[in-house]
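Enquirer: After the structure tokens below, expect a handful of questions from me.
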Amino acid sequence: MAVNTRTPLIAGNWKMNLDHMQAVAFVQKLYWTLKEAGHDPQTVETAIFPPFTDLRTVQTLIDADKIPFALGAQDLSEHDSGAYTGEISGQFLAKLACGYVIIGHSERRQYHNETDEIVAGKVQAALRHGLSPVICVGETSEDLERFGASAVPVGQLEVALENVAADADIVVAYEPVWAIGSGQAATPDQAQEVCAKLREVVAAKLGEDAASRTRVLYGGSVKSSNIASFMREPDVDGALVGGASLLVDEFAAIIRYQKHVGV
Ligand code: 13P
């Protein structure tokens, strides 16, 4: 496989936290914390995924203050427009300068019955509007016991990548459901093993070029104390962070993982 030229991506999924006023304070504080620490945004890309109602405000702030954070949404509709009450079109997200959109998060699969087919439809919708889908896959603890770590996430990704073009800009996030919000992260070895398998799926579906360019993230109880150990793994290109992305100092420390001792 080609030399790794992938820019690490640290993504903060705020889930249903922080209203648009709190978002402004948070983004400003995070920006200044990183700036004062001398963080070079070229070395690690930072992306934040606030609730829909925050996006316009955060986009305006990022634009006005030239804050080097990418913006993403936490979901989108499979459809582009029409009678879909409560849904948000990829068209609207693209207009708000969203670069990314999370698709198929386990909380959406679990609480909103999102099937692999719906996830695949949303991936197509994102790509139609020039958004990079952050495709989330992962096994529950029951899946882990029954099928091992990689079978379920590999199967989920295979369906999500149906009919995706070889040159599509996608991100894959491996989030074992048992590690999300539990404080019990996967080990770096476990994360590496599954992330490598997911990269093989990208290679099989989209080709070797896509596989060497696509970033595969790990998510699930990522903290400043464990991020560096994940980032040492060759197939882990970043992290999708939940709880710790809501704490300015903690999230800034995760973004600055390259400065941690021993890295
Ligand atoms: P935690 O970091 O809170 O475990 O959440 C992970 C997650 O679900 C990110 O999408």
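How things are named: the first chain in the structure tokens is A, the next is B, and so on; residues count from 1 in each chain; ligands count from 1 in the order shown.
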Show which residues sit within 12 Å of Asp235 (chain A), as a PyMOL selection string. Count only C-alpha atoms, and ignore same-chain residues fewer than 2 positions away.

Expert: chain A and resi 1+3-6+8+172-174+188-200+211-218+230-233+237-239

Enquirer: Those residues you just picked out, can you put them in a file as a short mmCIF file (atom, residue, chain, number, x, y, z; two decimals), in the first residue's frame with C-alpha atoms?

Expert:
data_model
loop_
_atom_site.label_atom_id
_atom_site.label_comp_id
_atom_site.auth_asym_id
_atom_site.auth_seq_id
_atom_site.Cartn_x
_atom_site.Cartn_y
_atom_site.Cartn_z
CA MET A 1 0.00 0.00 0.00
CA VAL A 3 2.84 5.84 1.80
CA ASN A 4 0.40 7.23 4.37
CA THR A 5 -0.29 10.85 3.44
CA ARG A 6 -3.59 11.01 5.28
CA PRO A 8 -5.25 13.00 10.89
CA VAL A 172 -15.09 5.71 7.91
CA ALA A 173 -15.56 5.64 11.68
CA TYR A 174 -15.26 2.41 13.63
CA PRO A 188 -5.38 0.10 20.37
CA ASP A 189 -4.85 -3.46 19.04
CA GLN A 190 -8.59 -4.05 18.75
CA ALA A 191 -9.09 -0.70 17.01
CA GLN A 192 -6.21 -1.37 14.62
CA GLU A 193 -7.48 -4.82 13.72
CA VAL A 194 -10.97 -3.64 12.76
CA CYS A 195 -9.79 -0.38 11.12
CA ALA A 196 -7.42 -2.44 8.92
CA LYS A 197 -10.32 -4.73 7.93
CA LEU A 198 -12.46 -1.68 7.10
CA ARG A 199 -9.68 -0.30 4.92
CA GLU A 200 -9.67 -3.64 3.09
CA ALA A 211 -8.16 2.81 0.48
CA SER A 212 -4.83 4.57 0.90
CA ARG A 213 -6.48 8.02 0.87
CA THR A 214 -9.56 7.32 3.04
CA ARG A 215 -9.35 8.18 6.70
CA VAL A 216 -10.55 5.53 9.13
CA LEU A 217 -11.34 6.85 12.61
CA TYR A 218 -11.78 5.10 15.93
CA PHE A 230 -4.77 4.88 19.11
CA MET A 231 -2.99 7.31 16.81
CA ARG A 232 0.16 5.19 16.89
CA GLU A 233 -1.71 2.45 15.01
CA ASP A 237 -6.27 8.05 11.16
CA GLY A 238 -8.16 9.95 13.79
CA ALA A 239 -10.97 9.82 16.29
#

Enquirer: With a distance cut-off of 8 Å and only C-alpha atoms, select the neighbouring residues of region 13-20 of chain A, excluding the residue or stretch itself and same-chain residues fewer than 3 positions from it, and output the selection as a list in words.

Expert: Ala23, Val24, Ile48, Phe49, Pro50, Pro51, Thr53, Asp54, Leu55, Thr57, Val58, Gln74, Leu240, Val241, Gly242, Gly243, Ser245 and Leu246 of chain A

Enquirer: Which one is closest to Ala179 (chain A): A:Glu250, A:Glu139, A:Asp75, A:Glu45? Count only C-alpha atoms.

Expert: A:Glu139

Enquirer: Between A:Tyr257, A:Phe251, A:Trp32, A:Phe147, single out the one closest to ligand 1, counting only C-alpha atoms and all ligand atoms.

Expert: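 Checking each candidate against ligand 1, we get A:Phe251 as the closest.
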
Enquirer: Which residues are close to Gly138 (chain A), i.e. within 7 Å by only C-alpha atoms, leaving aside same-chain residues fewer than 4 positions away? Reply as a ChimeraX atom specification.

Expert: /A:152-153,174-177

Enquirer: As number ranges by chain, please: every residue in region 4-219 of chain A that a backbone DSSP assignment puts in strand (DSSP E).

Expert: A: 9-13, 45-49, 69-73, 100-103, 132-137, 171-174, 215-219

Enquirer: Quick check for you: according to DSSP on this backbone, which residues of region 120-228 of chain A are classed as helix (DSSP H, G or I)? Reply as a CSV table (one decimal) with all heavy atoms, in the first residue's frame.

Expert:
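Once written, selection_25.csv looks like this:
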chain,number,residue,atom,x,y,z
A,120,ALA,N,-27.0,3.5,3.5
A,120,ALA,CA,-26.5,3.6,2.1
A,120,ALA,C,-27.2,4.7,1.3
A,120,ALA,O,-26.5,5.5,0.6
A,120,ALA,CB,-26.7,2.3,1.4
A,121,GLY,N,-28.5,4.9,1.5
A,121,GLY,CA,-29.2,6.0,0.8
A,121,GLY,C,-28.7,7.3,1.3
A,121,GLY,O,-28.6,8.3,0.5
A,122,LYS,N,-28.4,7.5,2.6
A,122,LYS,CA,-27.9,8.7,3.1
A,122,LYS,C,-26.5,9.0,2.6
A,122,LYS,O,-26.1,10.2,2.4
A,122,LYS,CB,-27.9,8.7,4.6
A,122,LYS,CG,-29.4,8.7,5.2
A,122,LYS,CD,-29.5,8.8,6.7
A,122,LYS,CE,-30.9,9.0,7.1
A,122,LYS,NZ,-31.1,9.4,8.5
A,123,VAL,N,-25.7,8.0,2.4
A,123,VAL,CA,-24.3,8.2,1.9
A,123,VAL,C,-24.5,8.8,0.5
A,123,VAL,O,-23.8,9.7,0.1
A,123,VAL,CB,-23.5,6.8,1.9
A,123,VAL,CG1,-22.3,7.0,1.1
A,123,VAL,CG2,-23.2,6.4,3.3
A,124,GLN,N,-25.4,8.2,-0.3
A,124,GLN,CA,-25.6,8.7,-1.7
A,124,GLN,C,-26.1,10.2,-1.6
A,124,GLN,O,-25.6,11.0,-2.4
A,124,GLN,CB,-26.6,7.9,-2.4
A,124,GLN,CG,-26.2,6.5,-2.7
A,124,GLN,CD,-25.0,6.4,-3.7
A,124,GLN,OE1,-24.9,7.3,-4.6
A,124,GLN,NE2,-24.1,5.5,-3.4
A,125,ALA,N,-27.0,10.5,-0.7
A,125,ALA,CA,-27.5,11.9,-0.6
A,125,ALA,C,-26.3,12.8,-0.2
A,125,ALA,O,-26.2,13.9,-0.8
A,125,ALA,CB,-28.6,11.9,0.5
A,126,ALA,N,-25.5,12.4,0.7
A,126,ALA,CA,-24.3,13.3,1.1
A,126,ALA,C,-23.5,13.6,-0.1
A,126,ALA,O,-23.1,14.7,-0.4
A,126,ALA,CB,-23.5,12.6,2.2
A,127,LEU,N,-23.1,12.5,-0.9
A,127,LEU,CA,-22.2,12.6,-2.0
A,127,LEU,C,-22.8,13.5,-3.1
A,127,LEU,O,-22.1,14.2,-3.8
A,127,LEU,CB,-21.8,11.3,-2.5
A,127,LEU,CG,-20.9,10.5,-1.5
A,127,LEU,CD1,-20.7,9.0,-1.9
A,127,LEU,CD2,-19.6,11.1,-1.2
A,128,ARG,N,-24.2,13.4,-3.3
A,128,ARG,CA,-24.8,14.2,-4.3
A,128,ARG,C,-24.6,15.7,-4.0
A,128,ARG,O,-24.7,16.5,-4.9
A,128,ARG,CB,-26.3,13.9,-4.3
A,128,ARG,CG,-26.8,12.8,-5.1
A,128,ARG,CD,-28.3,12.9,-5.4
A,128,ARG,NE,-29.2,12.9,-4.3
A,128,ARG,CZ,-29.6,11.8,-3.6
A,128,ARG,NH1,-29.2,10.6,-3.9
A,128,ARG,NH2,-30.4,12.0,-2.5
A,141,SER,N,-22.0,-5.5,22.0
A,141,SER,CA,-21.2,-6.5,22.8
A,141,SER,C,-21.8,-7.9,22.4
A,141,SER,O,-21.0,-8.9,22.4
A,141,SER,CB,-21.3,-6.2,24.3
A,141,SER,OG,-22.6,-6.0,24.7
A,142,GLU,N,-23.1,-8.0,22.1
A,142,GLU,CA,-23.6,-9.3,21.7
A,142,GLU,C,-23.0,-9.8,20.4
A,142,GLU,O,-22.6,-10.9,20.2
A,142,GLU,CB,-25.2,-9.3,21.5
A,142,GLU,CG,-25.9,-9.0,22.8
A,142,GLU,CD,-25.9,-7.6,23.3
A,142,GLU,OE1,-26.1,-6.7,22.4
A,142,GLU,OE2,-25.8,-7.3,24.5
A,143,ASP,N,-22.9,-8.8,19.4
A,143,ASP,CA,-22.3,-9.1,18.1
A,143,ASP,C,-20.9,-9.6,18.4
A,143,ASP,O,-20.4,-10.5,17.7
A,143,ASP,CB,-22.2,-7.9,17.2
A,143,ASP,CG,-23.6,-7.3,16.8
A,143,ASP,OD1,-24.5,-8.1,16.8
A,143,ASP,OD2,-23.6,-6.1,16.6
A,144,LEU,N,-20.2,-8.9,19.3
A,144,LEU,CA,-18.8,-9.2,19.5
A,144,LEU,C,-18.6,-10.7,20.0
A,144,LEU,O,-17.8,-11.4,19.5
A,144,LEU,CB,-18.2,-8.2,20.6
A,144,LEU,CG,-16.8,-8.3,21.0
A,144,LEU,CD1,-15.9,-8.0,19.8
A,144,LEU,CD2,-16.4,-7.4,22.1
A,145,GLU,N,-19.5,-11.0,20.9
A,145,GLU,CA,-19.5,-12.4,21.4
A,145,GLU,C,-19.8,-13.4,20.4
A,145,GLU,O,-19.2,-14.5,20.2
A,145,GLU,CB,-20.5,-12.6,22.6
A,145,GLU,CG,-19.8,-12.6,23.9
A,145,GLU,CD,-20.8,-12.6,25.0
A,145,GLU,OE1,-21.8,-13.4,25.0
A,145,GLU,OE2,-20.7,-11.7,25.9
A,146,ARG,N,-20.8,-13.1,19.6
A,146,ARG,CA,-21.3,-14.1,18.6
A,146,ARG,C,-20.5,-14.2,17.3
A,146,ARG,O,-20.3,-15.2,16.8
A,146,ARG,CB,-22.8,-13.7,18.1
A,146,ARG,CG,-23.8,-14.1,19.2
A,146,ARG,CD,-25.2,-13.8,18.7
A,146,ARG,NE,-25.6,-14.6,17.6
A,146,ARG,CZ,-26.7,-14.4,16.9
A,146,ARG,NH1,-27.5,-13.4,17.2
A,146,ARG,NH2,-27.0,-15.2,15.9
A,147,PHE,N,-20.0,-13.0,16.8
A,147,PHE,CA,-19.4,-13.0,15.5
A,147,PHE,C,-18.0,-12.5,15.5
A,147,PHE,O,-17.3,-12.4,14.5
A,147,PHE,CB,-20.2,-12.1,14.5
A,147,PHE,CG,-21.7,-12.3,14.5
A,147,PHE,CD1,-22.5,-11.3,15.0
A,147,PHE,CD2,-22.2,-13.5,14.0
A,147,PHE,CE1,-23.9,-11.5,15.0
A,147,PHE,CE2,-23.6,-13.7,14.0
A,147,PHE,CZ,-24.4,-12.7,14.5
A,151,ALA,N,-16.9,-8.7,11.9
A,151,ALA,CA,-17.9,-9.2,11.0
A,151,ALA,C,-19.0,-8.2,10.8
A,151,ALA,O,-19.3,-7.8,9.6
A,151,ALA,CB,-18.5,-10.5,11.4
A,152,VAL,N,-19.5,-7.6,11.9
A,152,VAL,CA,-20.7,-6.7,11.7
A,152,VAL,C,-20.2,-5.4,11.1
A,152,VAL,O,-20.8,-4.9,10.1
A,152,VAL,CB,-21.4,-6.5,13.1
A,152,VAL,CG1,-22.3,-5.3,13.1
A,152,VAL,CG2,-22.1,-7.8,13.4
A,153,PRO,N,-19.2,-4.7,11.6
A,153,PRO,CA,-18.8,-3.5,11.0
A,153,PRO,C,-18.4,-3.6,9.5
A,153,PRO,O,-18.7,-2.8,8.7
A,153,PRO,CB,-17.6,-3.0,11.8
A,153,PRO,CG,-17.3,-4.0,12.8
A,153,PRO,CD,-18.5,-4.9,12.9
A,154,VAL,N,-17.7,-4.8,9.2
A,154,VAL,CA,-17.4,-5.0,7.8
A,154,VAL,C,-18.6,-5.1,6.9
A,154,VAL,O,-18.8,-4.5,5.8
A,154,VAL,CB,-16.5,-6.3,7.6
A,154,VAL,CG1,-16.5,-6.8,6.2
A,154,VAL,CG2,-15.1,-6.0,8.1
A,155,GLY,N,-19.6,-5.9,7.4
A,155,GLY,CA,-20.9,-6.0,6.7
A,155,GLY,C,-21.6,-4.7,6.5
A,155,GLY,O,-22.1,-4.4,5.4
A,156,GLN,N,-21.6,-3.9,7.6
A,156,GLN,CA,-22.3,-2.6,7.5
A,156,GLN,C,-21.6,-1.7,6.4
A,156,GLN,O,-22.3,-1.0,5.7
A,156,GLN,CB,-22.2,-1.9,8.9
A,156,GLN,CG,-23.1,-2.5,9.9
A,156,GLN,CD,-22.9,-2.0,11.3
A,156,GLN,OE1,-21.8,-1.5,11.6
A,156,GLN,NE2,-23.9,-2.1,12.1
A,157,LEU,N,-20.3,-1.7,6.4
A,157,LEU,CA,-19.6,-0.8,5.5
A,157,LEU,C,-19.8,-1.3,4.0
A,157,LEU,O,-19.9,-0.5,3.1
A,157,LEU,CB,-18.1,-0.8,5.8
A,157,LEU,CG,-17.3,0.2,5.0
A,157,LEU,CD1,-17.8,1.7,5.2
A,157,LEU,CD2,-15.8,0.2,5.4
A,158,GLU,N,-19.8,-2.6,3.9
A,158,GLU,CA,-20.0,-3.1,2.5
A,158,GLU,C,-21.3,-2.6,1.9
A,158,GLU,O,-21.3,-2.2,0.7
A,158,GLU,CB,-20.0,-4.7,2.5
A,158,GLU,CG,-18.6,-5.2,2.6
A,158,GLU,CD,-18.5,-6.7,2.8
A,158,GLU,OE1,-19.5,-7.3,3.2
A,158,GLU,OE2,-17.4,-7.3,2.6
A,159,VAL,N,-22.4,-2.6,2.7
A,159,VAL,CA,-23.6,-2.1,2.2
A,159,VAL,C,-23.6,-0.6,2.0
A,159,VAL,O,-24.0,-0.1,1.0
A,159,VAL,CB,-24.8,-2.5,3.2
A,159,VAL,CG1,-26.1,-1.9,2.6
A,159,VAL,CG2,-24.9,-4.0,3.4
A,160,ALA,N,-23.0,0.1,2.9
A,160,ALA,CA,-22.9,1.6,2.8
A,160,ALA,C,-22.1,2.0,1.6
A,160,ALA,O,-22.4,3.1,1.0
A,160,ALA,CB,-22.2,2.2,4.1
A,177,VAL,N,-20.1,-0.3,19.7
A,177,VAL,CA,-21.2,0.2,20.5
A,177,VAL,C,-20.9,0.1,22.0
A,177,VAL,O,-21.3,1.0,22.7
A,177,VAL,CB,-22.5,-0.5,20.1
A,177,VAL,CG1,-23.7,0.0,20.9
A,177,VAL,CG2,-22.8,-0.3,18.6
A,178,TRP,N,-20.3,-1.0,22.3
A,178,TRP,CA,-20.0,-1.2,23.7
A,178,TRP,C,-18.9,-0.2,24.3
A,178,TRP,O,-18.8,-0.1,25.5
A,178,TRP,CB,-19.5,-2.7,24.0
A,178,TRP,CG,-18.4,-3.1,23.0
A,178,TRP,CD1,-18.6,-3.7,21.8
A,178,TRP,CD2,-17.0,-2.9,23.1
A,178,TRP,NE1,-17.4,-3.9,21.2
A,178,TRP,CE2,-16.4,-3.5,22.0
A,178,TRP,CE3,-16.2,-2.4,24.1
A,178,TRP,CZ2,-15.0,-3.5,21.8
A,178,TRP,CZ3,-14.8,-2.4,23.9
A,178,TRP,CH2,-14.2,-2.9,22.7
A,179,ALA,N,-18.3,0.4,23.4
A,179,ALA,CA,-17.2,1.4,23.9
A,179,ALA,C,-17.8,2.8,24.0
A,179,ALA,O,-17.1,3.7,24.6
A,179,ALA,CB,-16.0,1.4,23.0
A,188,PRO,N,-5.9,-0.3,21.7
A,188,PRO,CA,-5.4,0.1,20.4
A,188,PRO,C,-5.3,-1.1,19.4
A,188,PRO,O,-5.5,-0.9,18.2
A,188,PRO,CB,-4.0,0.6,20.8
A,188,PRO,CG,-4.2,1.1,22.2
A,188,PRO,CD,-5.1,0.2,22.8
A,189,ASP,N,-4.9,-2.3,19.9
A,189,ASP,CA,-4.9,-3.5,19.0
A,189,ASP,C,-6.2,-3.8,18.4
A,189,ASP,O,-6.3,-4.1,17.2
A,189,ASP,CB,-4.4,-4.7,19.8
A,189,ASP,CG,-2.9,-4.7,20.0
A,189,ASP,OD1,-2.2,-3.8,19.5
A,189,ASP,OD2,-2.4,-5.6,20.7
A,190,GLN,N,-7.2,-3.8,19.3
A,190,GLN,CA,-8.6,-4.0,18.8
A,190,GLN,C,-9.0,-3.0,17.7
A,190,GLN,O,-9.5,-3.4,16.6
A,190,GLN,CB,-9.6,-4.0,19.9
A,190,GLN,CG,-9.6,-5.2,20.8
A,190,GLN,CD,-10.6,-5.0,22.0
A,190,GLN,OE1,-10.6,-3.9,22.7
A,190,GLN,NE2,-11.4,-6.0,22.3
A,191,ALA,N,-8.7,-1.8,18.0
A,191,ALA,CA,-9.1,-0.7,17.0
A,191,ALA,C,-8.3,-0.9,15.7
A,191,ALA,O,-8.9,-0.8,14.6
A,191,ALA,CB,-8.8,0.7,17.6
A,192,GLN,N,-7.0,-1.2,15.8
A,192,GLN,CA,-6.2,-1.4,14.6
A,192,GLN,C,-6.7,-2.5,13.8
A,192,GLN,O,-6.9,-2.4,12.6
A,192,GLN,CB,-4.7,-1.6,15.0
A,192,GLN,CG,-3.8,-2.2,13.9
A,192,GLN,CD,-3.8,-1.3,12.7
A,192,GLN,OE1,-4.0,-0.1,12.7
A,192,GLN,NE2,-3.5,-2.0,11.5
A,193,GLU,N,-7.1,-3.6,14.4
A,193,GLU,CA,-7.5,-4.8,13.7
A,193,GLU,C,-8.7,-4.5,12.9
A,193,GLU,O,-8.8,-4.8,11.7
A,193,GLU,CB,-7.8,-5.9,14.7
A,193,GLU,CG,-8.1,-7.3,14.1
A,193,GLU,CD,-8.5,-8.3,15.1
A,193,GLU,OE1,-8.0,-8.3,16.2
A,193,GLU,OE2,-9.4,-9.1,14.7
A,194,VAL,N,-9.7,-3.9,13.5
A,194,VAL,CA,-11.0,-3.6,12.8
A,194,VAL,C,-10.8,-2.5,11.7
A,194,VAL,O,-11.2,-2.6,10.6
A,194,VAL,CB,-12.1,-3.3,13.7
A,194,VAL,CG1,-13.4,-3.1,12.9
A,194,VAL,CG2,-12.3,-4.5,14.7
A,195,CYS,N,-10.0,-1.5,12.1
A,195,CYS,CA,-9.8,-0.4,11.1
A,195,CYS,C,-9.1,-0.9,9.9
A,195,CYS,O,-9.4,-0.5,8.8
A,195,CYS,CB,-9.0,0.8,11.8
A,195,CYS,SG,-10.0,1.7,13.0
A,196,ALA,N,-8.1,-1.8,10.1
A,196,ALA,CA,-7.4,-2.4,8.9
A,196,ALA,C,-8.4,-3.2,8.0
A,196,ALA,O,-8.4,-3.1,6.8
A,196,ALA,CB,-6.3,-3.3,9.4
A,197,LYS,N,-9.3,-4.0,8.7
A,197,LYS,CA,-10.3,-4.7,7.9
A,197,LYS,C,-11.2,-3.8,7.2
A,197,LYS,O,-11.6,-4.1,6.0
A,197,LYS,CB,-11.2,-5.6,8.9
A,197,LYS,CG,-10.4,-6.7,9.5
A,197,LYS,CD,-10.8,-8.1,8.9
A,197,LYS,CE,-9.9,-9.2,9.3
A,197,LYS,NZ,-9.7,-9.5,10.7
A,198,LEU,N,-11.6,-2.6,7.8
A,198,LEU,CA,-12.5,-1.7,7.1
A,198,LEU,C,-11.7,-1.1,5.9
A,198,LEU,O,-12.3,-0.8,4.9
A,198,LEU,CB,-12.9,-0.6,8.1
A,198,LEU,CG,-13.8,-1.2,9.2
A,198,LEU,CD1,-14.1,-0.1,10.3
A,198,LEU,CD2,-15.1,-1.7,8.7
A,199,ARG,N,-10.4,-0.8,6.1
A,199,ARG,CA,-9.7,-0.3,4.9
A,199,ARG,C,-9.7,-1.3,3.8
A,199,ARG,O,-9.7,-1.0,2.6
A,199,ARG,CB,-8.3,0.1,5.4
A,199,ARG,CG,-7.6,1.0,4.3
A,199,ARG,CD,-6.2,1.4,4.8
A,199,ARG,NE,-6.1,2.1,6.0
A,199,ARG,CZ,-6.6,3.3,6.3
A,199,ARG,NH1,-7.0,4.0,5.3
A,199,ARG,NH2,-6.5,3.8,7.5
A,200,GLU,N,-9.6,-2.6,4.1
A,200,GLU,CA,-9.7,-3.6,3.1
A,200,GLU,C,-11.0,-3.6,2.4
A,200,GLU,O,-11.1,-3.8,1.2
A,200,GLU,CB,-9.5,-5.0,3.7
A,200,GLU,CG,-8.0,-5.3,4.0
A,200,GLU,CD,-7.9,-6.6,4.9
A,200,GLU,OE1,-8.8,-7.5,4.9
A,200,GLU,OE2,-6.8,-6.7,5.5
A,201,VAL,N,-12.1,-3.3,3.1
A,201,VAL,CA,-13.4,-3.2,2.4
A,201,VAL,C,-13.4,-2.0,1.5
A,201,VAL,O,-13.9,-2.1,0.3
A,201,VAL,CB,-14.5,-3.0,3.5
A,201,VAL,CG1,-15.9,-2.7,2.8
A,201,VAL,CG2,-14.6,-4.2,4.4
A,202,VAL,N,-12.8,-0.9,1.9
A,202,VAL,CA,-12.7,0.3,1.0
A,202,VAL,C,-11.9,-0.1,-0.3
A,202,VAL,O,-12.3,0.2,-1.4
A,202,VAL,CB,-12.1,1.5,1.7
A,202,VAL,CG1,-11.9,2.7,0.7
A,202,VAL,CG2,-12.9,1.9,2.9
A,203,ALA,N,-10.8,-0.9,-0.1
A,203,ALA,CA,-10.0,-1.3,-1.2
A,203,ALA,C,-10.8,-2.2,-2.2
A,203,ALA,O,-10.8,-2.0,-3.4
A,203,ALA,CB,-8.7,-2.0,-0.7
A,204,ALA,N,-11.5,-3.1,-1.6
A,204,ALA,CA,-12.3,-4.1,-2.4
A,204,ALA,C,-13.4,-3.4,-3.2
A,204,ALA,O,-13.7,-3.7,-4.3
A,204,ALA,CB,-12.9,-5.2,-1.5
A,205,LYS,N,-14.0,-2.4,-2.5
A,205,LYS,CA,-15.2,-1.7,-3.1
A,205,LYS,C,-14.8,-0.5,-4.0
A,205,LYS,O,-15.4,-0.3,-5.1
A,205,LYS,CB,-16.1,-1.2,-2.1
A,205,LYS,CG,-16.9,-2.2,-1.3
A,205,LYS,CD,-18.2,-2.5,-2.0
A,205,LYS,CE,-18.9,-3.7,-1.3
A,205,LYS,NZ,-19.9,-4.2,-2.2
A,206,LEU,N,-13.8,0.2,-3.6
A,206,LEU,CA,-13.5,1.5,-4.3
A,206,LEU,C,-12.1,1.5,-4.9
A,206,LEU,O,-11.7,2.4,-5.6
A,206,LEU,CB,-13.6,2.7,-3.4
A,206,LEU,CG,-14.9,2.8,-2.6
A,206,LEU,CD1,-14.9,4.2,-1.8
A,206,LEU,CD2,-16.1,2.8,-3.5
A,208,GLU,N,-7.6,0.4,-4.5
A,208,GLU,CA,-6.5,0.7,-3.6
A,208,GLU,C,-6.2,2.2,-3.4
A,208,GLU,O,-5.8,2.6,-2.3
A,208,GLU,CB,-5.2,0.0,-4.2
A,208,GLU,CG,-5.1,-1.5,-4.1
A,208,GLU,CD,-5.1,-2.0,-2.6
A,208,GLU,OE1,-4.6,-1.2,-1.7
A,208,GLU,OE2,-5.5,-3.1,-2.4
A,209,ASP,N,-6.4,3.0,-4.4
A,209,ASP,CA,-6.1,4.4,-4.3
A,209,ASP,C,-7.0,5.0,-3.2
A,209,ASP,O,-6.6,5.7,-2.3
A,209,ASP,CB,-6.5,5.1,-5.6
A,209,ASP,CG,-5.3,5.3,-6.4
A,209,ASP,OD1,-4.2,4.6,-6.1
A,209,ASP,OD2,-5.3,6.0,-7.5
A,210,ALA,N,-8.3,4.6,-3.3
A,210,ALA,CA,-9.3,5.1,-2.3
A,210,ALA,C,-8.9,4.6,-0.9
A,210,ALA,O,-9.0,5.4,0.1
A,210,ALA,CB,-10.7,4.7,-2.7
A,211,ALA,N,-8.5,3.4,-0.8
A,211,ALA,CA,-8.2,2.8,0.5
A,211,ALA,C,-7.0,3.5,1.1
A,211,ALA,O,-6.9,3.7,2.3
A,211,ALA,CB,-7.9,1.3,0.4
A,212,SER,N,-6.0,3.9,0.3
A,212,SER,CA,-4.8,4.6,0.9
A,212,SER,C,-5.1,6.0,1.2
A,212,SER,O,-4.4,6.6,2.0
A,212,SER,CB,-3.6,4.4,0.0
A,212,SER,OG,-3.8,5.0,-1.2
A,213,ARG,N,-6.2,6.6,0.7
A,213,ARG,CA,-6.5,8.0,0.9
A,213,ARG,C,-7.6,8.2,1.9
A,213,ARG,O,-7.7,9.2,2.6
A,213,ARG,CB,-6.9,8.5,-0.5
A,213,ARG,CG,-7.8,9.6,-0.7
A,213,ARG,CD,-7.9,10.0,-2.2
A,213,ARG,NE,-8.6,9.2,-3.1
A,213,ARG,CZ,-9.9,9.0,-3.0
A,213,ARG,NH1,-10.6,9.6,-2.0
A,213,ARG,NH2,-10.5,8.2,-3.8
A,227,ILE,N,-5.8,8.9,23.5
A,227,ILE,CA,-5.8,9.2,22.1
A,227,ILE,C,-4.4,8.8,21.4
A,227,ILE,O,-4.4,8.2,20.3
A,227,ILE,CB,-6.1,10.7,21.8
A,227,ILE,CG1,-6.1,11.0,20.3
A,227,ILE,CG2,-5.2,11.6,22.5
A,227,ILE,CD1,-7.2,10.3,19.5
A,228,ALA,N,-3.3,9.1,22.1
A,228,ALA,CA,-2.0,8.9,21.5
A,228,ALA,C,-1.8,7.4,21.2
A,228,ALA,O,-1.2,7.1,20.1
A,228,ALA,CB,-0.9,9.5,22.3

Enquirer: When you draw a straight line from CA of Glu107 (chain A) to CA of Ile180 (chain A), how long is it in Å?

Expert: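 Interatomic distance, CA of Glu107 (chain A) to CA of Ile180 (chain A): 9.6 Å.
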
Enquirer: Nearest residue to ligand 1 out of A:Gly104, A:Gly219, A:Gly38, A:Pro234, using only C-alpha atoms and all ligand atoms?

Expert: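 Looking at the shortest contact to ligand 1, the residue is A:Gly219.
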
Enquirer: By how many Å are CA of Thr43 (chain A) and CA of Tyr31 (chain A) apart?

Expert: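 Those two atoms sit 15.1 Å apart.
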
Enquirer: Expressed in Å to a single decimal, how great is the separation between CA of Thr46 (chain A) and CA of Asp65 (chain A)?

Expert: 15.6 Å
